[in-house]
$ cat coords_4.csv   # CSV, C-alpha atoms
chain,number,residue,atom,x,y,z
A,248,MET,CA,-8.1,13.9,21.4
A,249,LYS,CA,-8.3,10.1,21.5
A,250,ALA,CA,-5.5,8.3,19.9
A,251,LEU,CA,-4.3,4.7,19.6
A,252,LEU,CA,-0.8,4.8,21.1
A,253,LEU,CA,1.8,2.1,20.6
A,254,SER,CA,3.2,2.6,24.1
A,255,GLU,CA,5.5,-0.5,23.9
A,256,TYR,CA,5.8,-3.3,21.4
A,257,ASN,CA,2.7,-5.5,21.3
A,258,ASN,CA,0.7,-3.0,23.4
A,259,LEU,CA,-1.7,-0.5,22.0
A,260,GLU,CA,-3.7,1.8,24.3
A,261,LEU,CA,-6.4,4.3,23.7
A,262,LYS,CA,-5.0,7.5,25.2
A,263,ASP,CA,-5.9,11.1,25.5
A,264,LEU,CA,-3.3,13.1,23.8
A,265,PRO,CA,-3.0,16.9,23.0
A,266,ASN,CA,-4.7,18.1,19.9
A,267,PRO,CA,-2.1,18.8,17.2
A,268,ILE,CA,-1.8,22.4,15.9
A,269,PRO,CA,-1.2,23.0,12.2
A,270,GLY,CA,1.9,24.9,11.1
A,271,PRO,CA,1.8,27.6,8.5
A,272,ASP,CA,1.9,25.2,5.6
A,273,GLU,CA,-0.3,22.4,7.2
A,274,LEU,CA,-3.8,21.2,7.4
A,275,LEU,CA,-5.5,19.9,10.6
A,276,ILE,CA,-7.5,16.8,9.5
A,277,GLN,CA,-10.3,15.2,11.5
A,278,VAL,CA,-9.5,11.6,10.6
A,279,ALA,CA,-12.6,9.7,9.4
A,280,ALA,CA,-10.9,6.5,8.3
A,281,CYS,CA,-7.5,4.9,8.6
A,282,GLY,CA,-6.6,1.5,7.3
A,283,ILE,CA,-4.3,-1.0,9.2
A,284,CYS,CA,-1.4,-1.7,6.9
A,285,GLY,CA,0.7,-4.8,7.0
A,286,SER,CA,3.7,-2.6,7.9
A,287,ASP,CA,1.8,-1.4,10.9
A,288,VAL,CA,1.2,-4.9,12.1
A,289,HIS,CA,5.0,-5.6,11.7
A,290,GLY,CA,5.7,-2.4,13.4
A,291,TYR,CA,3.4,-3.4,16.3
A,292,ASP,CA,5.7,-6.3,17.3
A,293,GLY,CA,8.9,-4.4,16.5
A,294,SER,CA,10.0,-6.6,13.7
A,295,THR,CA,10.6,-3.7,11.3
A,296,GLY,CA,12.3,-1.3,13.6
A,297,ARG,CA,10.3,1.5,12.0
A,298,ARG,CA,7.6,2.0,14.7
A,299,ILE,CA,9.8,2.7,17.8
A,300,PRO,CA,7.4,3.3,20.8
A,301,PRO,CA,5.8,5.6,21.8
A,302,ILE,CA,4.2,6.3,18.5
A,303,VAL,CA,0.7,6.8,17.0
A,304,MET,CA,0.8,4.7,13.8
A,305,GLY,CA,-1.4,4.8,10.7
A,306,HIS,CA,-0.8,6.2,7.3
A,307,GLU,CA,-3.7,5.0,5.0
A,308,ALA,CA,-6.2,7.7,5.8
A,309,ALA,CA,-8.7,10.3,4.9
A,310,GLY,CA,-10.8,12.9,6.7
A,311,ILE,CA,-12.2,16.4,6.9
A,312,VAL,CA,-10.2,19.6,7.0
A,313,ALA,CA,-10.7,21.1,10.5
A,314,ALA,CA,-8.2,24.0,10.4
A,315,ILE,CA,-5.9,25.6,7.9
A,316,GLY,CA,-2.4,27.0,8.3
A,317,SER,CA,-1.7,30.7,7.6
A,318,GLU,CA,0.2,30.0,4.3
A,319,VAL,CA,-2.2,27.4,2.9
A,320,SER,CA,-4.4,28.1,-0.2
A,321,GLY,CA,-6.7,25.9,-2.2
A,322,PHE,CA,-8.4,24.2,0.8
A,323,THR,CA,-11.3,25.3,3.0
A,324,ILE,CA,-12.6,24.0,6.3
A,325,GLY,CA,-14.9,21.1,5.7
A,326,ASN,CA,-13.2,19.8,2.6
A,327,ARG,CA,-13.1,16.0,2.3
A,328,VAL,CA,-9.5,15.0,1.7
A,329,THR,CA,-7.0,12.2,1.6
A,330,PHE,CA,-3.2,12.5,1.8
A,331,ASP,CA,0.0,10.8,0.7
A,332,SER,CA,1.8,8.7,3.3
A,333,THR,CA,5.1,10.2,2.2
A,334,VAL,CA,6.0,13.7,3.5
A,335,TYR,CA,8.4,15.0,0.9
A,336,CYS,CA,10.3,18.3,1.0
A,337,GLY,CA,9.6,19.5,-2.5
A,338,ALA,CA,13.0,21.1,-2.9
A,339,CYS,CA,15.6,18.3,-3.2
A,340,ASP,CA,16.8,17.0,-6.6
A,341,PHE,CA,14.6,13.9,-6.4
A,342,CYS,CA,11.5,16.0,-5.6
A,343,LEU,CA,12.3,18.4,-8.4
A,344,ARG,CA,12.4,15.4,-10.8
A,345,GLY,CA,9.0,14.2,-9.6
A,346,GLN,CA,10.5,11.3,-7.6
A,347,VAL,CA,9.0,12.4,-4.3
A,348,ASN,CA,9.2,8.8,-3.0
A,349,LEU,CA,13.0,9.1,-3.1
A,350,CYS,CA,13.1,12.5,-1.4
A,351,ASP,CA,16.3,13.1,0.5
A,352,ASN,CA,14.3,14.4,3.5
A,353,ARG,CA,11.5,11.8,3.2
A,354,GLN,CA,9.4,11.0,6.2
A,355,VAL,CA,6.4,8.7,6.5
A,356,ILE,CA,3.3,9.4,8.5
A,357,GLY,CA,3.0,7.2,11.5
A,358,VAL,CA,6.6,6.1,11.5
A,359,SER,CA,9.3,6.4,14.2
A,360,CYS,CA,12.6,4.9,13.0
A,361,GLY,CA,15.2,6.7,15.1
A,362,GLU,CA,15.9,9.3,12.3
A,363,TYR,CA,12.5,11.0,12.9
A,364,ARG,CA,9.2,10.5,14.6
A,365,ARG,CA,6.0,11.5,12.8
A,366,ALA,CA,2.6,11.0,14.4
A,367,GLY,CA,0.1,8.9,12.4
A,368,ALA,CA,-3.7,8.8,11.7
A,369,PHE,CA,-4.9,6.3,14.3
A,370,ALA,CA,-6.2,9.4,16.1
A,371,GLU,CA,-9.1,11.9,16.0
A,372,PHE,CA,-6.9,14.6,14.5
A,373,LEU,CA,-3.7,14.8,12.5
A,374,THR,CA,-1.6,17.5,10.8
A,375,VAL,CA,-0.1,17.1,7.4
A,376,PRO,CA,1.5,19.5,4.9
A,377,ALA,CA,-1.1,20.8,2.5
A,378,ARG,CA,1.2,19.8,-0.5
A,379,ILE,CA,0.5,16.1,0.2
A,380,ALA,CA,-3.3,16.4,0.4
A,381,TYR,CA,-5.8,15.7,-2.3
A,382,PRO,CA,-9.5,16.6,-2.5
A,383,LEU,CA,-11.9,13.6,-2.5
A,384,PRO,CA,-14.8,13.2,-5.0
A,385,ALA,CA,-18.2,13.5,-3.2
A,386,GLU,CA,-19.1,9.9,-4.1
A,387,PHE,CA,-16.1,8.4,-2.3
A,388,SER,CA,-16.8,6.9,1.1
A,389,PHE,CA,-14.0,7.5,3.6
A,390,ALA,CA,-13.4,3.8,3.9
A,391,GLU,CA,-12.7,3.6,0.1
A,392,ALA,CA,-10.5,6.7,0.4
A,393,ALA,CA,-8.4,4.9,3.0
A,394,MET,CA,-7.5,2.4,0.3
A,395,LEU,CA,-6.0,5.1,-2.0
A,396,GLU,CA,-2.5,4.8,-0.4
A,397,ALA,CA,-2.4,1.1,-1.2
A,398,VAL,CA,-3.8,1.6,-4.7
A,399,SER,CA,-1.1,4.3,-5.4
A,400,VAL,CA,1.6,1.9,-4.3
A,401,ALA,CA,0.3,-0.7,-6.8
A,402,LEU,CA,0.0,1.9,-9.6
A,403,HIS,CA,3.6,2.9,-8.9
A,404,GLY,CA,4.8,-0.7,-9.1
A,405,VAL,CA,3.1,-1.1,-12.5
A,406,ALA,CA,4.5,2.3,-13.7
A,407,VAL,CA,8.1,1.4,-12.9
A,408,SER,CA,7.6,-2.0,-14.6
A,409,GLN,CA,6.6,-0.1,-17.8
A,410,ILE,CA,3.4,-2.2,-18.3
A,411,GLY,CA,1.6,-0.4,-21.0
A,412,GLY,CA,4.6,1.6,-22.0
A,413,GLN,CA,7.2,3.7,-20.3
A,414,PRO,CA,5.7,6.7,-18.5
A,415,GLY,CA,5.9,9.6,-20.9
A,416,GLY,CA,6.7,7.3,-23.8
A,417,GLN,CA,4.6,5.6,-26.4
A,418,PRO,CA,2.1,3.0,-25.0
A,419,THR,CA,2.7,-0.6,-25.9
A,420,GLY,CA,0.5,-2.8,-23.7
A,421,GLY,CA,-0.2,-6.5,-24.3
A,422,GLU,CA,2.3,-7.7,-21.7
A,423,THR,CA,1.8,-11.0,-19.9
A,424,VAL,CA,2.1,-10.5,-16.2
A,425,LEU,CA,2.4,-12.8,-13.2
A,426,VAL,CA,1.6,-11.4,-9.7
A,427,ILE,CA,3.1,-13.5,-6.9
A,428,GLY,CA,1.2,-13.0,-3.7
A,429,ALA,CA,-2.5,-12.3,-3.6
A,430,GLY,CA,-2.6,-10.3,-0.5
A,431,MET,CA,-3.8,-6.7,-0.4
A,432,ILE,CA,-1.1,-5.2,-2.6
A,433,GLY,CA,-1.0,-8.2,-4.9
A,434,LEU,CA,-4.7,-7.9,-5.6
A,435,LEU,CA,-4.3,-4.2,-6.3
A,436,LEU,CA,-1.2,-4.9,-8.5
A,437,LEU,CA,-3.4,-7.4,-10.5
A,438,GLN,CA,-6.0,-4.7,-11.1
A,439,ALA,CA,-3.5,-2.0,-11.9
A,440,ALA,CA,-1.7,-4.2,-14.4
A,441,ARG,CA,-5.0,-5.0,-16.1
A,442,ALA,CA,-5.9,-1.2,-16.2
A,443,ALA,CA,-2.5,-0.4,-17.7
A,444,GLY,CA,-3.0,-2.7,-20.6
A,445,GLY,CA,-1.6,-6.1,-19.6
A,446,SER,CA,-3.1,-8.8,-21.9
A,447,ARG,CA,-3.0,-11.8,-19.6
A,448,VAL,CA,-2.5,-11.5,-15.8
A,449,PHE,CA,-1.9,-14.5,-13.7
A,450,ALA,CA,-2.1,-14.5,-9.9
A,451,SER,CA,-0.4,-17.1,-7.6
A,452,ASP,CA,-0.7,-17.7,-3.9
A,453,ILE,CA,-0.9,-20.7,-1.6
A,454,ASP,CA,-4.2,-19.4,-0.1
A,455,ALA,CA,-7.3,-20.6,-2.1
A,456,THR,CA,-9.5,-17.9,-0.5
A,457,ARG,CA,-7.3,-15.1,-1.8
A,458,LEU,CA,-7.1,-16.7,-5.2
A,459,LYS,CA,-10.9,-16.8,-5.4
A,460,LEU,CA,-10.9,-13.0,-4.8
A,461,ALA,CA,-8.2,-12.6,-7.4
A,462,ALA,CA,-10.4,-14.4,-10.0
A,463,GLU,CA,-13.3,-12.1,-9.1
A,464,LEU,CA,-11.0,-9.1,-9.6
A,465,GLY,CA,-9.9,-10.1,-13.1
A,466,ALA,CA,-7.1,-12.6,-13.0
A,467,ASP,CA,-7.0,-14.6,-16.2
A,468,ARG,CA,-5.7,-17.6,-14.3
A,469,THR,CA,-5.2,-18.3,-10.6
A,470,LEU,CA,-2.4,-20.6,-9.5
A,471,GLU,CA,-2.4,-22.2,-6.1
A,472,LEU,CA,1.2,-23.1,-6.6
A,473,SER,CA,4.6,-22.0,-5.4
A,474,GLY,CA,8.3,-22.7,-6.1
A,475,ALA,CA,9.1,-25.1,-8.9
A,476,SER,CA,5.5,-26.1,-9.5
A,477,LEU,CA,4.6,-22.5,-10.1
A,478,VAL,CA,7.5,-22.0,-12.5
A,479,GLU,CA,6.6,-25.2,-14.4
A,480,GLU,CA,3.0,-24.1,-14.8
A,481,ILE,CA,4.0,-20.6,-16.0
A,482,GLN,CA,6.3,-22.1,-18.6
A,483,ARG,CA,3.4,-24.3,-19.8
A,484,LEU,CA,1.0,-21.4,-20.0
A,485,THR,CA,3.5,-19.3,-22.0
A,486,ASN,CA,4.8,-22.1,-24.3
A,487,GLY,CA,8.1,-22.1,-22.5
A,488,ARG,CA,8.8,-18.4,-23.0
A,489,GLY,CA,8.0,-17.0,-19.5
A,490,VAL,CA,5.9,-13.9,-18.7
A,491,ASP,CA,7.0,-10.4,-19.7
A,492,VAL,CA,6.7,-9.0,-16.2
A,493,VAL,CA,6.5,-10.5,-12.7
A,494,LEU,CA,5.2,-8.3,-9.9
A,495,GLU,CA,6.5,-9.9,-6.7
A,496,ALA,CA,4.4,-8.9,-3.7
A,497,VAL,CA,5.8,-11.1,-1.0
A,498,GLY,CA,9.5,-10.6,-0.5
A,499,ARG,CA,11.0,-13.9,0.4
A,500,ASP,CA,13.9,-16.0,-1.0
A,501,GLU,CA,11.5,-18.6,-2.5
A,502,THR,CA,9.1,-16.2,-4.1
A,503,ILE,CA,11.8,-14.0,-5.6
A,504,ALA,CA,13.5,-17.1,-7.0
A,505,ALA,CA,10.3,-18.2,-8.6
A,506,ALA,CA,9.8,-14.8,-10.0
A,507,ILE,CA,13.2,-14.8,-11.7
A,508,ASP,CA,12.6,-18.3,-13.1
A,509,SER,CA,9.1,-17.3,-14.4
A,510,VAL,CA,10.1,-14.3,-16.4
A,511,ARG,CA,11.2,-14.4,-20.0
A,512,LYS,CA,14.7,-13.5,-21.1
A,513,GLY,CA,15.0,-9.7,-21.2
A,514,GLY,CA,11.8,-9.4,-19.0
A,515,THR,CA,11.2,-7.5,-15.8
A,516,VAL,CA,10.9,-8.6,-12.2
A,517,THR,CA,9.6,-5.8,-10.0
A,518,LEU,CA,10.0,-6.3,-6.2
A,519,VAL,CA,7.2,-4.7,-4.3
A,520,GLY,CA,7.0,-7.0,-1.2
A,521,ASN,CA,9.8,-6.7,1.3
A,522,ILE,CA,9.0,-9.0,4.2
A,523,SER,CA,12.6,-10.2,4.4
A,524,PRO,CA,15.3,-7.5,4.8
A,525,GLN,CA,17.8,-9.7,2.8
A,526,VAL,CA,17.3,-12.4,0.2
A,527,THR,CA,19.6,-14.7,-1.8
A,528,LEU,CA,19.9,-13.6,-5.4
A,529,PRO,CA,20.4,-16.1,-8.3
A,530,LEU,CA,22.9,-13.7,-9.9
A,531,GLN,CA,23.9,-15.8,-12.9
A,532,LYS,CA,20.3,-16.2,-14.0
A,533,VAL,CA,19.7,-12.5,-13.7
A,534,VAL,CA,22.8,-11.6,-15.7
A,535,SER,CA,22.8,-14.3,-18.3
A,536,ARG,CA,19.1,-13.9,-19.1
A,537,GLN,CA,19.4,-10.1,-19.0
A,538,ILE,CA,16.6,-9.7,-16.6
A,539,ARG,CA,15.7,-6.2,-15.3
A,540,LEU,CA,15.3,-6.5,-11.5
A,541,GLN,CA,13.4,-3.4,-10.4
A,542,GLY,CA,12.5,-2.2,-6.9
A,543,SER,CA,9.4,-0.2,-6.3
A,544,CYS,CA,9.1,2.1,-3.3
A,545,ALA,CA,5.8,3.7,-2.1
A,546,SER,CA,4.3,6.0,-4.8
A,547,ALA,CA,5.3,9.1,-6.6
A,548,GLY,CA,2.3,11.2,-7.5
A,549,GLU,CA,-0.1,8.4,-8.4
A,550,TYR,CA,-2.9,9.6,-6.1
A,551,PRO,CA,-5.0,11.4,-8.8
A,552,GLN,CA,-4.8,8.4,-11.0
A,553,ALA,CA,-5.8,6.1,-8.1
A,554,ILE,CA,-8.8,8.3,-7.4
A,555,GLU,CA,-9.8,8.2,-11.1
A,556,LEU,CA,-9.4,4.4,-11.4
A,557,ILE,CA,-11.5,3.7,-8.3
A,558,ALA,CA,-14.1,6.3,-9.4
A,559,ASN,CA,-14.5,4.7,-12.8
A,560,GLY,CA,-14.6,1.1,-11.5
A,561,LYS,CA,-11.4,-0.1,-13.1
A,562,ILE,CA,-9.9,-0.8,-9.7
A,563,LYS,CA,-12.3,-2.2,-7.1
A,564,VAL,CA,-11.6,-1.8,-3.4
A,565,ALA,CA,-14.9,-2.4,-1.6
A,566,SER,CA,-14.5,-6.2,-1.6
A,567,LEU,CA,-11.1,-5.8,0.0
A,568,ILE,CA,-12.4,-4.1,3.0
A,569,THR,CA,-13.1,-6.7,5.7
A,570,ALA,CA,-14.5,-4.4,8.4
A,571,VAL,CA,-14.9,-0.8,9.4
A,572,ALA,CA,-14.7,-0.4,13.2
A,573,PRO,CA,-14.3,2.3,15.8
A,574,LEU,CA,-10.8,3.3,17.0
A,575,SER,CA,-11.5,1.6,20.4
A,576,ASP,CA,-11.6,-1.7,18.6
A,577,GLY,CA,-8.1,-1.2,17.2
A,578,PRO,CA,-6.1,-3.3,19.8
A,579,SER,CA,-8.3,-6.3,19.2
A,580,TRP,CA,-8.0,-6.0,15.4
A,581,PHE,CA,-4.3,-5.7,15.6
A,582,ASP,CA,-4.2,-8.9,17.8
A,583,ARG,CA,-6.2,-10.7,15.2
A,584,LEU,CA,-4.1,-9.5,12.3
A,585,HIS,CA,-0.9,-10.2,14.1
A,586,ALA,CA,-2.1,-13.8,14.8
A,587,ARG,CA,-2.7,-14.1,11.0
A,588,GLU,CA,-6.4,-14.9,11.4
A,589,PRO,CA,-7.5,-16.2,8.0
A,590,ASN,CA,-9.7,-14.3,5.6
A,591,LEU,CA,-8.9,-10.8,6.9
A,592,MET,CA,-8.0,-8.2,4.3
A,593,LYS,CA,-8.2,-4.5,5.1
A,594,ILE,CA,-9.5,-3.3,8.4
A,595,VAL,CA,-10.4,0.4,8.5
A,596,LEU,CA,-10.6,2.2,11.8
A,597,ASP,CA,-12.9,5.3,12.2
A,598,PRO,CA,-11.7,7.6,15.1
A,599,ARG,CA,-14.8,9.8,15.0
A,600,SER,CA,-17.1,9.6,18.1
A,601,ASN,CA,-20.0,8.4,16.0
A,602,ALA,CA,-18.0,5.6,14.3
A,603,PRO,CA,-19.9,2.4,13.5
A,604,GLU,CA,-19.9,-0.1,16.3
A,605,SER,CA,-20.3,-3.1,14.0
A,606,ALA,CA,-17.9,-4.5,11.5
A,607,GLY,CA,-19.8,-3.3,8.5
A,608,GLN,CA,-18.5,-1.6,5.4
A,609,SER,CA,-20.3,1.7,6.0
A,610,GLN,CA,-18.9,5.2,5.9
$ encode --input "coords_4.csv" --output "structure tokens"
Amino acid sequence: MKALLLSEYNNLELKDLPNPIPGPDELLIQVAACGICGSDVHGYDGSTGRRIPPIVMGHEAAGIVAAIGSEVSGFTIGNRVTFDSTVYCGACDFCLRGQVNLCDNRQVIGVSCGEYRRAGAFAEFLTVPARIAYPLPAEFSFAEAAMLEAVSVALHGVAVSQIGGQPGGQPTGGETVLVIGAGMIGLLLLQAARAAGGSRVFASDIDATRLKLAAELGADRTLELSGASLVEEIQRLTNGRGVDVVLEAVGRDETIAAAIDSVRKGGTVTLVGNISPQVTLPLQKVVSRQIRLQGSCASAGEYPQAIELIANGKIKVASLITAVAPLSDGPSWFDRLHAREPNLMKIVLDPRSNAPESAGQSQ
């Protein structure tokens, strides 16, 4: 099969690799779409340490069932499916509590971090455990399905922030929310917060183009501000109270500091972005204002909800897809993303032999 191999850092090559063979509990998937995640771009240059070459990356994907393991039920050859990026064991204490994103034996598709190496979906074929696969509605394009992983991450961030009420508890809703960072995940967090019942959702970024998209996707107010200027404007918009929840989708000292200064006393700051491995924490502000500082990791069973919200139009993803391109164009797209070319959102690669040659948004 053809696969996009990270043979060394900053070097992607289209290679012929052996076709994978599904194990007893696995599906063999013919990959029809795989999105380039920001973590893949950071893995490409080695900055994360989680894509140690040689590795086939890619975890935001969908495709067609091509073969079925001997112990698998509920799927047939030809089914259109997507799958979680997290491979969880299903047996540890966290899995049994439904916290599959915290699985003691967790692996991530397309990641090689020293502890494990798991081939990803920038390839014609991929094997995944059937327990992490989900059937796709007929109306879903594969490009839209490649967005489900990112949507599930956003939904999880909103869920752990308890916007609209604690999962399993009584709904409340009406929260004021600030999303810091209007990149891919930030724009999805914005929509997820709105769908969960947030009353006013603000979006901040230093990129006017991204904020224009945020406005189109439902932000009540977009703020081309950062740091102290952002905090001052949030205080003005909330009559000096601060917002109920900040969803931080960047992960830097300055954005986390602004998040803490923008939230009300007793409010919640949820950290979704993690560009910086370490940040400086204004501890006294967190403690004295009794702020709940919450991390959010991947997703934990939000795929069905993500499918439903895209299907009913409450979360829109089509405008976030910049291009759909063949796998052979992957190296050039990685170079452009790594160079931070402006106005690029999601690039989806189609490994099939009849993949579109142009950068359109077709299936």
$ atom_distance --input "coords_4.csv" --atom1 "atom CA of Ser254 of chain A" --atom2 "atom CA of Gly293 of chain A"
11.8 Å
$ closest_atom_pairs --input "coords_4.csv" --of "segment 399-494 of chain A" --to "segment 523-547 of chain A" --cutoff "7 Å" --atoms "all atoms listed in the file" --output "CSV"
residue,atom,partner,partner_atom,distance
A:Ser399,CA,A:Ser546,CA,5.7
A:Val400,CA,A:Ser546,CA,4.9
A:His403,CA,A:Ser546,CA,5.2
A:Gly404,CA,A:Ser543,CA,5.4
A:Val407,CA,A:Ser543,CA,6.9
$ atom_distance --input "coords_4.csv" --atom1 "atom CA of Cys360 of chain A" --atom2 "atom CA of Ala250 of chain A"
19.7 Å
$ residues_near_point --input "coords_4.csv" --point "(-2.4, -6.4, 13.3)" --cutoff "10 Å" --atoms "only C-alpha atoms" --output "PyMOL selection string"
chain A and resi 257+283-292+577-588+594
$ atom_distance --input "coords_4.csv" --atom1 "atom CA of Ala475 of chain A" --atom2 "atom CA of Asp500 of chain A"
13.0 Å
$ decode --input "coords_4.csv" --residues "segment 441-479 of chain A" --atoms "C-alpha atoms" --output "mmCIF file, in the first residue's frame"
data_model
loop_
_atom_site.group_PDB
_atom_site.id
_atom_site.type_symbol
_atom_site.label_atom_id
_atom_site.label_comp_id
_atom_site.auth_asym_id
_atom_site.auth_seq_id
_atom_site.Cartn_x
_atom_site.Cartn_y
_atom_site.Cartn_z
ATOM 1 C CA ARG A 441 -23.246 27.371 22.059
ATOM 2 C CA ALA A 442 -24.841 23.949 21.449
ATOM 3 C CA ALA A 443 -24.511 23.085 25.158
ATOM 4 C CA GLY A 444 -26.463 26.153 26.217
ATOM 5 C CA GLY A 445 -23.951 28.966 26.667
ATOM 6 C CA SER A 446 -25.840 32.276 26.602
ATOM 7 C CA ARG A 447 -23.065 34.535 25.331
ATOM 8 C CA VAL A 448 -19.903 33.232 23.705
ATOM 9 C CA PHE A 449 -16.975 35.538 23.032
ATOM 10 C CA ALA A 450 -14.015 34.600 20.833
ATOM 11 C CA SER A 451 -10.580 36.213 20.969
ATOM 12 C CA ASP A 452 -7.581 35.922 18.682
ATOM 13 C CA ILE A 453 -4.973 38.184 17.101
ATOM 14 C CA ASP A 454 -5.895 37.018 13.588
ATOM 15 C CA ALA A 455 -8.745 39.006 12.025
ATOM 16 C CA THR A 456 -9.424 36.323 9.402
ATOM 17 C CA ARG A 457 -10.031 33.706 12.062
ATOM 18 C CA LEU A 458 -12.281 36.054 13.996
ATOM 19 C CA LYS A 459 -14.365 36.678 10.888
ATOM 20 C CA LEU A 460 -14.959 32.936 10.709
ATOM 21 C CA ALA A 461 -15.752 32.879 14.441
ATOM 22 C CA ALA A 462 -18.450 35.497 13.888
ATOM 23 C CA GLU A 463 -19.924 33.462 11.040
ATOM 24 C CA LEU A 464 -20.005 30.395 13.293
ATOM 25 C CA GLY A 465 -21.965 32.091 16.063
ATOM 26 C CA ALA A 466 -19.691 34.140 18.317
ATOM 27 C CA ASP A 467 -21.658 36.934 20.005
ATOM 28 C CA ARG A 468 -18.599 39.147 20.009
ATOM 29 C CA THR A 469 -15.152 38.723 18.466
ATOM 30 C CA LEU A 470 -12.186 40.401 20.133
ATOM 31 C CA GLU A 471 -8.985 41.053 18.227
ATOM 32 C CA LEU A 472 -7.187 41.534 21.518
ATOM 33 C CA SER A 473 -4.776 39.749 23.822
ATOM 34 C CA GLY A 474 -3.253 40.175 27.266
ATOM 35 C CA ALA A 475 -4.355 43.112 29.394
ATOM 36 C CA SER A 476 -6.441 44.630 26.589
ATOM 37 C CA LEU A 477 -8.472 41.439 26.299
ATOM 38 C CA VAL A 478 -9.026 41.256 30.061
ATOM 39 C CA GLU A 479 -10.121 44.901 30.167
#
